[in-house]
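Source file: my_file09.txt. Holds: compact mmCIF, C-alpha atoms.
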# COMPACT_ATOMS: atom_id res chain seq x y z
CA MET A 12 -0.07 55.02 4.40
CA SER A 13 -2.40 51.99 4.18
CA SER A 14 -4.07 51.08 0.91
CA HIS A 15 -7.49 51.85 2.40
CA SER A 16 -6.31 55.32 3.54
CA GLY A 17 -4.84 56.12 0.15
CA GLU A 18 -7.92 54.86 -1.64
CA SER A 19 -10.23 56.84 0.63
CA HIS A 20 -8.14 60.05 0.21
CA GLN A 21 -8.18 59.69 -3.56
CA HIS A 22 -11.93 59.07 -3.63
CA SER A 23 -12.50 62.01 -1.27
CA GLN A 24 -10.76 64.32 -3.73
CA GLN A 25 -12.84 62.89 -6.57
CA ALA A 26 -16.03 63.37 -4.59
CA SER A 27 -15.29 67.05 -3.93
CA SER A 28 -15.07 67.70 -7.68
CA GLY A 29 -18.38 66.11 -8.51
CA THR A 30 -21.20 68.28 -9.82
CA GLU A 31 -24.84 67.73 -10.70
CA GLU A 32 -23.84 67.72 -14.37
CA ASN A 33 -21.12 65.12 -13.63
CA PRO A 34 -22.37 63.23 -10.56
CA VAL A 35 -20.01 60.98 -8.63
CA THR A 36 -20.94 57.32 -8.33
CA ASP A 37 -20.21 54.64 -5.73
CA GLU A 38 -17.61 53.18 -8.13
CA GLN A 39 -15.40 56.19 -7.35
CA TYR A 40 -15.27 55.27 -3.65
CA GLY A 41 -13.74 52.56 -1.55
CA VAL A 42 -15.57 50.45 0.98
CA LEU A 43 -14.89 52.89 3.84
CA LYS A 44 -16.98 55.97 4.37
CA THR A 45 -15.07 59.18 3.62
CA GLU A 46 -15.41 62.64 5.12
CA ASN A 47 -18.53 64.34 3.76
CA ASP A 48 -19.35 61.17 1.85
CA PRO A 49 -22.47 61.93 -0.22
CA ARG A 50 -23.58 58.29 -0.43
CA PRO A 51 -26.41 56.98 1.72
CA LYS A 52 -25.64 53.94 3.89
CA GLU A 53 -27.56 51.65 1.54
CA GLN A 54 -25.28 52.63 -1.34
CA ILE A 55 -22.11 52.10 0.72
CA ILE A 56 -23.08 48.63 1.88
CA SER A 57 -24.15 47.74 -1.64
CA THR A 58 -20.67 48.68 -2.84
CA ILE A 59 -19.17 46.45 -0.15
CA ALA A 60 -21.44 43.56 -1.14
CA ARG A 61 -20.41 43.84 -4.79
CA ARG A 62 -16.68 44.18 -4.16
CA HIS A 63 -16.18 41.86 -1.18
CA PRO A 64 -19.07 39.37 -0.96
CA ILE A 65 -17.43 37.13 1.63
CA GLU A 66 -20.88 36.04 2.76
CA LEU A 67 -21.24 34.25 -0.58
CA GLU A 68 -18.14 32.08 -0.14
CA GLU A 69 -18.99 28.38 -0.47
CA ARG A 70 -18.57 26.02 2.43
CA ILE A 71 -15.33 24.07 2.79
CA ASP A 72 -16.34 20.58 3.82
CA THR A 73 -13.01 19.20 5.04
CA LEU A 74 -14.23 19.26 8.65
CA ALA A 75 -17.88 18.57 7.89
CA LYS A 76 -17.89 14.92 8.94
CA PRO A 77 -17.77 13.16 12.30
CA LEU A 78 -14.36 12.25 13.68
CA ILE A 79 -13.89 8.85 15.31
CA ILE A 80 -11.63 9.10 18.35
CA GLU A 81 -10.07 5.92 19.69
CA CYS A 82 -8.66 5.65 23.20
CA ALA A 83 -5.67 3.30 23.51
CA SER A 84 -5.14 2.47 27.18
CA PRO A 85 -3.41 1.15 29.24
CA GLY A 86 -0.93 -0.06 26.61
CA TRP A 87 2.53 -1.51 26.98
CA GLN A 88 4.60 1.13 28.78
CA PRO A 89 6.06 0.22 32.21
CA ASP A 90 4.72 2.00 35.25
CA GLU A 91 8.07 1.84 37.13
CA TRP A 92 11.61 3.00 36.36
CA PRO A 93 14.11 0.32 35.26
CA PRO A 94 17.73 0.20 36.50
CA GLU A 95 20.01 2.96 35.21
CA ASP A 96 21.93 0.58 32.92
CA ALA A 97 18.75 0.25 30.82
CA TYR A 98 19.65 3.69 29.42
CA PRO A 99 23.13 3.40 27.91
CA GLU A 100 22.63 6.69 26.01
CA GLY A 101 21.89 8.67 29.17
CA LEU A 102 19.16 8.96 31.78
CA PRO A 103 15.78 10.57 31.01
CA PRO A 104 15.34 14.11 32.38
CA ASN A 105 12.80 12.97 35.00
CA TYR A 106 14.51 9.74 36.10
CA THR A 107 14.56 9.08 39.86
CA GLU A 108 15.27 5.55 41.19
CA PRO A 109 14.67 1.99 39.96
CA GLY A 110 11.20 0.91 41.04
CA ASP A 111 9.90 4.45 41.47
CA THR A 112 6.83 5.52 39.54
CA ARG A 113 7.76 6.21 35.94
CA TYR A 114 4.30 6.78 34.48
CA PRO A 115 1.55 7.76 36.95
CA ALA A 116 -1.15 7.53 34.27
CA VAL A 117 -0.92 3.72 34.02
CA PRO A 118 -3.84 1.90 35.71
CA CYS A 119 -3.07 -1.55 37.13
CA SER A 120 -6.27 -3.07 38.52
CA LEU A 121 -8.81 -4.46 36.05
CA GLU A 122 -11.42 -2.10 37.48
CA ASP A 123 -9.19 0.94 36.96
CA GLN A 124 -8.33 -0.18 33.43
CA ALA A 125 -12.02 -0.37 32.59
CA ASP A 126 -12.76 2.95 34.28
CA GLU A 127 -10.17 4.73 32.10
CA ILE A 128 -12.00 3.62 28.95
CA ILE A 129 -15.41 4.42 30.42
CA ALA A 130 -14.25 7.94 31.26
CA ALA A 131 -12.78 8.33 27.77
CA ALA A 132 -16.02 7.15 26.18
CA GLU A 133 -18.05 9.60 28.26
CA ALA A 134 -15.71 12.37 27.09
CA GLY A 135 -16.13 11.47 23.40
CA CYS A 136 -14.08 8.40 22.43
CA ALA A 137 -16.09 6.06 20.22
CA ALA A 138 -13.51 3.26 20.06
CA ALA A 139 -11.17 1.50 22.47
CA HIS A 140 -7.89 -0.35 22.00
CA ILE A 141 -6.83 -2.35 25.05
CA HIS A 142 -3.73 -4.30 26.02
CA PRO A 143 -4.71 -5.52 29.50
CA ARG A 144 -2.39 -5.30 32.51
CA ASP A 145 -1.87 -8.14 34.94
CA PRO A 146 -2.80 -6.59 38.30
CA GLU A 147 -0.12 -8.70 40.01
CA ASP A 148 2.80 -6.82 38.41
CA CYS A 149 1.10 -4.20 36.21
CA LEU A 150 2.78 -5.59 33.09
CA GLY A 151 0.99 -5.77 29.76
CA THR A 152 -0.35 -9.15 28.72
CA ASP A 153 -2.30 -10.88 25.93
CA ASP A 154 -4.48 -12.69 28.48
CA VAL A 155 -7.90 -12.99 26.85
CA ASP A 156 -9.73 -13.61 30.12
CA MET A 157 -8.42 -10.33 31.54
CA LEU A 158 -9.36 -8.53 28.34
CA ALA A 159 -12.87 -9.99 28.51
CA ASP A 160 -13.18 -8.96 32.18
CA ILE A 161 -12.25 -5.37 31.29
CA TYR A 162 -14.67 -5.21 28.36
CA ARG A 163 -17.51 -6.69 30.42
CA ARG A 164 -17.09 -3.83 32.87
CA ILE A 165 -16.88 -1.30 30.02
CA PHE A 166 -20.01 -2.53 28.26
CA GLU A 167 -22.02 -2.18 31.45
CA GLU A 168 -21.53 1.58 31.08
CA THR A 169 -20.89 2.37 27.42
CA ASP A 170 -20.94 0.99 23.89
CA VAL A 171 -17.47 1.62 22.46
CA VAL A 172 -16.15 -0.06 19.33
CA SER A 173 -13.52 -2.63 20.36
CA VAL A 174 -10.47 -2.42 18.07
CA GLN A 175 -7.92 -5.05 19.08
CA HIS A 176 -4.66 -6.66 18.05
CA SER A 177 -5.14 -10.30 17.14
CA TRP A 178 -1.86 -11.52 15.71
CA LYS A 179 1.18 -13.48 16.80
CA ILE A 180 4.46 -14.58 15.25
CA THR A 181 4.54 -18.34 14.73
CA PRO A 182 7.48 -20.72 15.32
CA ASP A 183 8.23 -20.81 11.58
CA ASN A 184 8.62 -16.97 11.59
CA SER A 185 5.32 -16.40 9.86
CA ILE A 186 2.30 -14.60 11.32
CA ASP A 187 -1.07 -15.84 12.54
CA TYR A 188 -4.03 -13.47 12.46
CA ILE A 189 -6.68 -16.05 13.31
CA ASP A 190 -5.93 -17.95 16.54
CA MET A 191 -6.17 -15.01 18.93
CA ALA A 192 -9.24 -13.70 17.12
CA GLU A 193 -10.92 -17.05 17.69
CA GLN A 194 -10.11 -16.79 21.40
CA LYS A 195 -11.68 -13.33 21.65
CA LEU A 196 -14.78 -14.49 19.79
CA ALA A 197 -15.08 -17.50 22.10
CA ALA A 198 -14.72 -15.28 25.19
CA ALA A 199 -17.81 -13.37 24.02
CA GLY A 200 -19.79 -16.53 23.26
CA GLY A 201 -19.18 -16.24 19.52
CA SER A 202 -20.03 -12.54 19.36
CA ASN A 203 -17.61 -9.97 17.94
CA LYS A 204 -18.24 -7.70 20.94
CA TYR A 205 -14.64 -7.89 22.20
CA ILE A 206 -13.09 -7.63 18.73
CA GLN A 207 -15.27 -5.56 16.42
CA GLY A 208 -12.15 -4.48 14.53
CA SER A 209 -8.72 -6.08 14.33
CA VAL A 210 -5.43 -4.41 13.45
CA MET A 211 -3.39 -5.76 10.52
CA LEU A 212 0.12 -4.33 10.58
CA TRP A 213 2.15 -3.28 7.51
CA PRO A 214 4.76 -4.44 8.55
CA PRO A 215 4.49 -5.92 12.08
CA PHE A 216 8.08 -4.96 12.97
CA ASP A 217 11.07 -3.79 10.91
CA SER A 218 10.18 -6.14 8.05
CA TYR A 219 7.52 -8.58 6.94
CA PRO A 220 7.39 -12.16 8.22
CA LYS A 221 7.40 -15.06 5.79
CA LYS A 222 4.31 -15.58 3.60
CA TYR A 223 2.85 -12.29 4.77
CA THR A 224 0.45 -11.77 1.87
CA GLU A 225 -0.92 -15.30 2.25
CA ARG A 226 -1.38 -14.95 6.01
CA MET A 227 -2.97 -11.52 5.55
CA ARG A 228 -5.46 -12.92 3.03
CA GLU A 229 -6.40 -15.77 5.38
CA GLY A 230 -6.85 -13.30 8.22
CA VAL A 231 -9.02 -10.89 6.22
CA GLU A 232 -11.23 -13.70 4.97
CA PHE A 233 -11.66 -15.06 8.50
CA TYR A 234 -12.48 -11.60 9.85
CA ARG A 235 -15.10 -11.00 7.20
CA GLU A 236 -16.75 -14.34 7.96
CA HIS A 237 -17.00 -13.46 11.66
CA GLY A 238 -17.97 -9.79 11.55
CA ILE A 239 -14.53 -8.42 12.41
CA LYS A 240 -13.42 -5.32 10.53
CA PRO A 241 -9.83 -5.49 9.22
CA ILE A 242 -7.97 -2.33 10.25
CA HIS A 243 -4.93 -1.98 7.97
CA LYS A 244 -2.27 0.02 9.79
CA VAL A 245 0.51 1.18 7.45
CA ARG A 246 3.89 2.45 8.60
CA SER A 247 5.33 4.21 5.53
CA SER A 248 4.29 5.29 2.04
CA TYR A 249 6.03 2.19 0.70
CA ASN A 250 3.91 0.00 2.95
CA THR A 251 0.79 1.81 1.77
CA ARG A 252 1.67 0.92 -1.80
CA ARG A 253 2.35 -2.70 -0.85
CA LEU A 254 -0.98 -2.88 0.98
CA TYR A 255 -2.75 -1.72 -2.17
CA ARG A 256 -0.90 -4.18 -4.38
CA ASP A 257 -1.47 -7.14 -2.05
CA LEU A 258 -5.17 -6.40 -1.58
CA ASN A 259 -5.59 -5.93 -5.31
CA ALA A 260 -3.65 -9.09 -6.18
CA THR A 261 -5.66 -11.21 -3.76
CA GLY A 262 -9.04 -9.78 -4.77
CA LEU A 263 -9.61 -8.09 -1.41
CA LEU A 264 -9.51 -4.47 -2.52
CA ASP A 265 -13.28 -4.23 -2.85
CA ASP A 266 -14.77 -4.92 0.57
CA ASP A 267 -18.32 -6.24 0.32
CA ASP A 268 -18.75 -5.65 4.05
CA GLY A 269 -18.13 -1.91 3.90
CA PRO A 270 -15.27 0.50 3.30
CA LEU A 271 -11.60 -0.30 3.72
CA CYS A 272 -9.93 1.09 6.83
CA VAL A 273 -6.36 2.35 6.29
CA PHE A 274 -4.63 4.00 9.24
CA HIS A 275 -1.23 5.69 9.27
CA ASP A 276 1.04 4.71 12.16
CA MET A 277 2.79 8.00 12.86
CA GLY A 278 5.35 8.12 15.66
CA HIS A 279 5.37 4.42 16.52
CA PRO A 280 8.87 2.89 16.92
CA PHE A 281 8.24 0.93 13.70
CA GLY A 282 6.26 3.65 11.93
CA TRP A 283 6.80 7.10 10.44
CA PRO A 284 9.20 9.01 12.75
CA LEU A 285 7.81 12.26 14.12
CA ASP A 286 10.92 13.67 15.75
CA GLN A 287 11.71 16.38 13.21
CA ASP A 288 9.96 19.61 12.29
CA PRO A 289 8.87 20.82 9.78
CA TRP A 290 9.37 17.50 8.00
CA MET A 291 6.87 15.76 10.24
CA PRO A 292 3.62 17.50 9.15
CA ILE A 293 4.77 17.69 5.54
CA GLU A 294 5.43 13.95 5.41
CA MET A 295 2.07 13.16 6.98
CA ILE A 296 0.12 15.42 4.64
CA THR A 297 1.76 13.99 1.51
CA SER A 298 1.27 10.44 2.80
CA LEU A 299 -2.41 11.05 3.47
CA GLU A 300 -2.87 12.43 -0.04
CA GLN A 301 -1.12 9.41 -1.55
CA THR A 302 -3.42 7.10 0.38
CA LYS A 303 -6.49 8.99 -0.84
CA GLN A 304 -5.31 8.62 -4.43
CA ARG A 305 -4.54 4.90 -4.17
CA PHE A 306 -7.68 3.63 -2.47
CA PRO A 307 -11.43 3.87 -3.15
CA ASP A 308 -13.16 7.14 -2.30
CA ASP A 309 -15.05 5.65 0.65
CA THR A 310 -11.87 4.41 2.38
CA VAL A 311 -11.81 5.30 6.09
CA ILE A 312 -8.45 6.99 6.67
CA GLY A 313 -6.95 7.38 10.12
CA VAL A 314 -3.84 8.55 11.95
CA CYS A 315 -2.51 6.77 15.03
CA SER A 316 0.16 9.04 16.47
CA GLY A 317 2.76 8.55 19.17
CA GLY A 318 5.97 9.91 20.60
CA ARG A 319 6.88 13.49 21.50
CA ASN A 320 4.95 15.07 18.64
CA TRP A 321 1.64 13.27 19.20
CA LEU A 322 -0.31 16.45 19.97
CA PRO A 323 0.68 18.57 16.93
CA ILE A 324 0.42 15.63 14.53
CA THR A 325 -3.02 14.60 15.83
CA ILE A 326 -4.28 18.17 15.54
CA GLU A 327 -2.86 18.43 12.02
CA ALA A 328 -4.51 15.14 11.06
CA ILE A 329 -7.87 16.36 12.34
CA LEU A 330 -7.51 19.59 10.34
CA ARG A 331 -6.67 17.53 7.25
CA GLY A 332 -10.05 15.83 7.57
CA VAL A 333 -9.04 12.28 8.50
CA ASP A 334 -11.87 10.05 9.66
CA TYR A 335 -10.16 8.50 12.69
CA VAL A 336 -7.49 9.39 15.25
CA ARG A 337 -6.02 7.49 18.16
CA VAL A 338 -5.24 9.07 21.53
CA GLY A 339 -4.33 7.61 24.90
CA ILE A 340 -1.35 6.57 26.98
CA GLU A 341 -0.36 3.47 24.99
CA ASP A 342 2.08 5.36 22.75
CA TYR A 343 2.14 8.73 24.57
CA TYR A 344 4.30 9.76 27.50
CA TRP A 345 5.18 13.46 27.19
CA MET A 346 2.29 15.88 27.01
CA TYR A 347 4.03 18.43 24.76
CA PRO A 348 6.86 18.25 22.22
CA HIS A 349 8.74 21.19 23.74
CA ARG A 350 8.28 20.54 27.48
CA ASP A 351 8.98 17.68 29.87
CA ASP A 352 5.47 17.45 31.32
CA VAL A 353 4.59 13.78 31.84
CA ILE A 354 0.94 12.83 31.26
CA GLN A 355 -0.65 12.27 34.66
CA GLU A 356 -3.96 10.71 33.57
CA ASN A 357 -5.21 9.18 30.34
CA ILE A 358 -8.29 11.41 30.33
CA GLU A 359 -6.04 14.49 30.00
CA VAL A 360 -5.08 13.62 26.43
CA VAL A 361 -8.64 12.64 25.54
CA ASN A 362 -9.99 15.97 26.76
CA LYS A 363 -7.38 17.95 24.81
CA ILE A 364 -8.43 16.41 21.51
CA VAL A 365 -12.17 16.57 22.21
CA ASP A 366 -11.80 20.20 23.27
CA PHE A 367 -9.90 20.95 20.06
CA CYS A 368 -12.67 19.40 17.98
CA ASN A 369 -15.20 21.56 19.80
CA LEU A 370 -13.00 24.60 19.21
CA ILE A 371 -12.93 24.10 15.44
CA GLY A 372 -16.53 22.93 15.19
CA ARG A 373 -15.81 19.35 14.20
CA GLU A 374 -18.35 16.77 15.31
CA VAL A 375 -17.08 13.90 17.46
CA ALA A 376 -18.56 10.56 16.40
CA THR A 377 -20.60 8.36 18.72
CA PRO A 378 -19.99 4.58 18.80
CA ALA A 379 -23.07 4.07 16.61
CA GLN A 380 -21.78 6.58 14.07
CA ALA A 381 -18.32 4.98 14.18
CA ARG A 382 -19.76 1.56 13.34
CA GLU A 383 -21.75 3.06 10.49
CA ILE A 384 -18.70 4.91 9.10
CA MET A 385 -16.44 1.86 9.34
CA GLY A 386 -19.00 -0.69 8.22
CA ILE A 387 -19.14 -2.69 11.48
CA GLU A 388 -22.10 -4.66 12.76
CA LEU A 389 -22.33 -6.24 16.19
CA THR A 390 -22.95 -9.98 16.04

Before we go any further, please render this structure as structure tokens.
Amino acid sequence: MSSHSGESHQHSQQASSGTEENPVTDEQYGVLKTENDPRPKEQIISTIARRHPIELEERIDTLAKPLIIECASPGWQPDEWPPEDAYPEGLPPNYTEPGDTRYPAVPCSLEDQADEIIAAAEAGCAAAHIHPRDPEDCLGTDDVDMLADIYRRIFEETDVVSVQHSWKITPDNSIDYIDMAEQKLAAAGGSNKYIQGSVMLWPPFDSYPKKYTERMREGVEFYREHGIKPIHKVRSSYNTRRLYRDLNATGLLDDDDGPLCVFHDMGHPFGWPLDQDPWMPIEMITSLEQTKQRFPDDTVIGVCSGGRNWLPITIEAILRGVDYVRVGIEDYYWMYPHRDDVIQENIEVVNKIVDFCNLIGREVATPAQAREIMGIELT
């Protein structure tokens, strides 16, 4: 017997024994009306309001802020299958022949690359991250002229926030965050239009290059002077701690140009691995909480996911209230963690995340809101 049924039966017996000399009260009843219940409706609903006032519960504001969605496309992944000997551990489940289409979602022409971002922006993406493709062979490149061509087409239709890589390893095995940023600024006539934010990696690969803290400081100072927002992308909880220590030691923890941006690289080959459940969401949640504790309250916290588990981890990050997520085909290939469905178009993954935000009532940020949240100004 359910608790409500037992409670109602007990109160029904009590009600039948009530007399005018010993009247029953609403405190002797449950919240469900009983047979021959002597209480008027007003008294019953008043009992419910006193005992279970769920309408007085306070708001939970975790989701009560706009979410910045970045689209990363077209990225680095090859569009064609390599020879079989490229897979010494065994062929992928959908492998066909060398030279056949591996990833149909990859756009190759400059026009198509721009159109993918335009479509993503129209769907709800406020930011873009682009590694251009050379239309001759559809391979990724750092060519600044191609990047500028793509962004010129994009900005004819939309106003996304451009978040770019701008680093290279130098001959002495150090890192340079400035030279490529200068090229992107020059391509826009000195404006930051093609590089409103620039990614700083912690670490770039498996370990840190020489003089990393010094090169990072030089890069951050240059970015601040030229209106470029440093986007610190961390790849483990250890790297988050080192980021804090290095910024603090070099006097860069307090950003006069707006909040710090600290993004978690989840699922990248050099980032947090996402190939195990339930460890994956637990690790992300604890890492996000550590980041919140280490950095100032206004820090913009993001999750850039990749690999098989990109969809669950991105959804979990959104539910945790992060400020920024990355989607797109750069680091995605499979649509679901438990099925071998290959993503057919970049817009498919964008729509899934925008639809999820609409489902849970979370606002999707516009480019203008994204710049305000991140502390970016166009120059």

Worksheet entry | Surrounding residues of segment 71-79 of chain A excluding itself and chain neighbours under 4 positions, 8 Å, only C-alpha atoms, as a PyMOL selection string | chain A and resi 136-138+329-336+372-377+380-381

Residues of segment 276-371 of chain A that have any atom at most 10 Å from an atom of segment 198-215 of chain A: could you tabulate them with the shortest-distance atom pair and the distance in Å to one decimal, using only C-alpha atoms, ordered by chain and increasing number, as JSON lines?
{"residue": "A:Asp276", "atom": "CA", "partner": "A:Leu212", "partner_atom": "CA", "distance": 9.2}
{"residue": "A:Phe281", "atom": "CA", "partner": "A:Pro215", "partner_atom": "CA", "distance": 8.0}
{"residue": "A:Gly282", "atom": "CA", "partner": "A:Pro214", "partner_atom": "CA", "distance": 8.9}

Writing out the chosen residues with C-alpha atoms as a CSV table (one decimal), keeping the file's coordinate frame:
chain,number,residue,atom,x,y,z
A,276,ASP,CA,1.0,4.7,12.2
A,281,PHE,CA,8.2,0.9,13.7
A,282,GLY,CA,6.3,3.6,11.9

Fill in: Interatomic distance, atom CA of Pro143 of chain A to atom CA of Ala328 of chain A (Å, one decimal)
27.7 Å

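One finds atom CA of Lys222 of chain A at 26.4 Å from atom CA of His142 of chain A.
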
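Here atom CA of Phe166 of chain A stands at a distance of 10.9 Å from atom CA of Asp126 of chain A.
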
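Considering only C-alpha atoms, the residue among A:Met191, A:Ser316, A:Ala134, A:Arg246 positioned nearest to Asp366 of chain A is A:Ala134.
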
Worksheet item: Using only C-alpha atoms, which of the listed residues (A:Leu264, A:Leu299, A:Ala197, A:Val172) sits closest to Pro378 of chain A?
Response: A:Val172

Worksheet entry | Among the residues A:Tyr343, A:Ala125, A:Gln54, A:Val361, the one that comes closest to Glu167 of chain A [using only C-alpha atoms] | A:Ala125

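Distances to Asp90 of chain A were evaluated for A:Ile387, A:Cys149, A:Val314, A:Ile65 using only C-alpha atoms, and the minimum falls at A:Cys149.
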
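When all atoms listed in the file are used to compute distances to Leu196 of chain A, the closest of the residues A:Asn357, A:Thr181, A:Thr390, A:Gln301 turns out to be A:Thr390.
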
Response to the item:
Among A:Ile239, A:Val273, A:Met227, A:Ile296, Ile186 of chain A is approached most closely, using only C-alpha atoms, by A:Met227

Worksheet entry | Residues within 9 Å of (-0.2, -3.6, 29.1), file coords, all atoms listed in the file, listed as a ChimeraX atom specification | /A:84-89,117,119,141-145,149-153,341
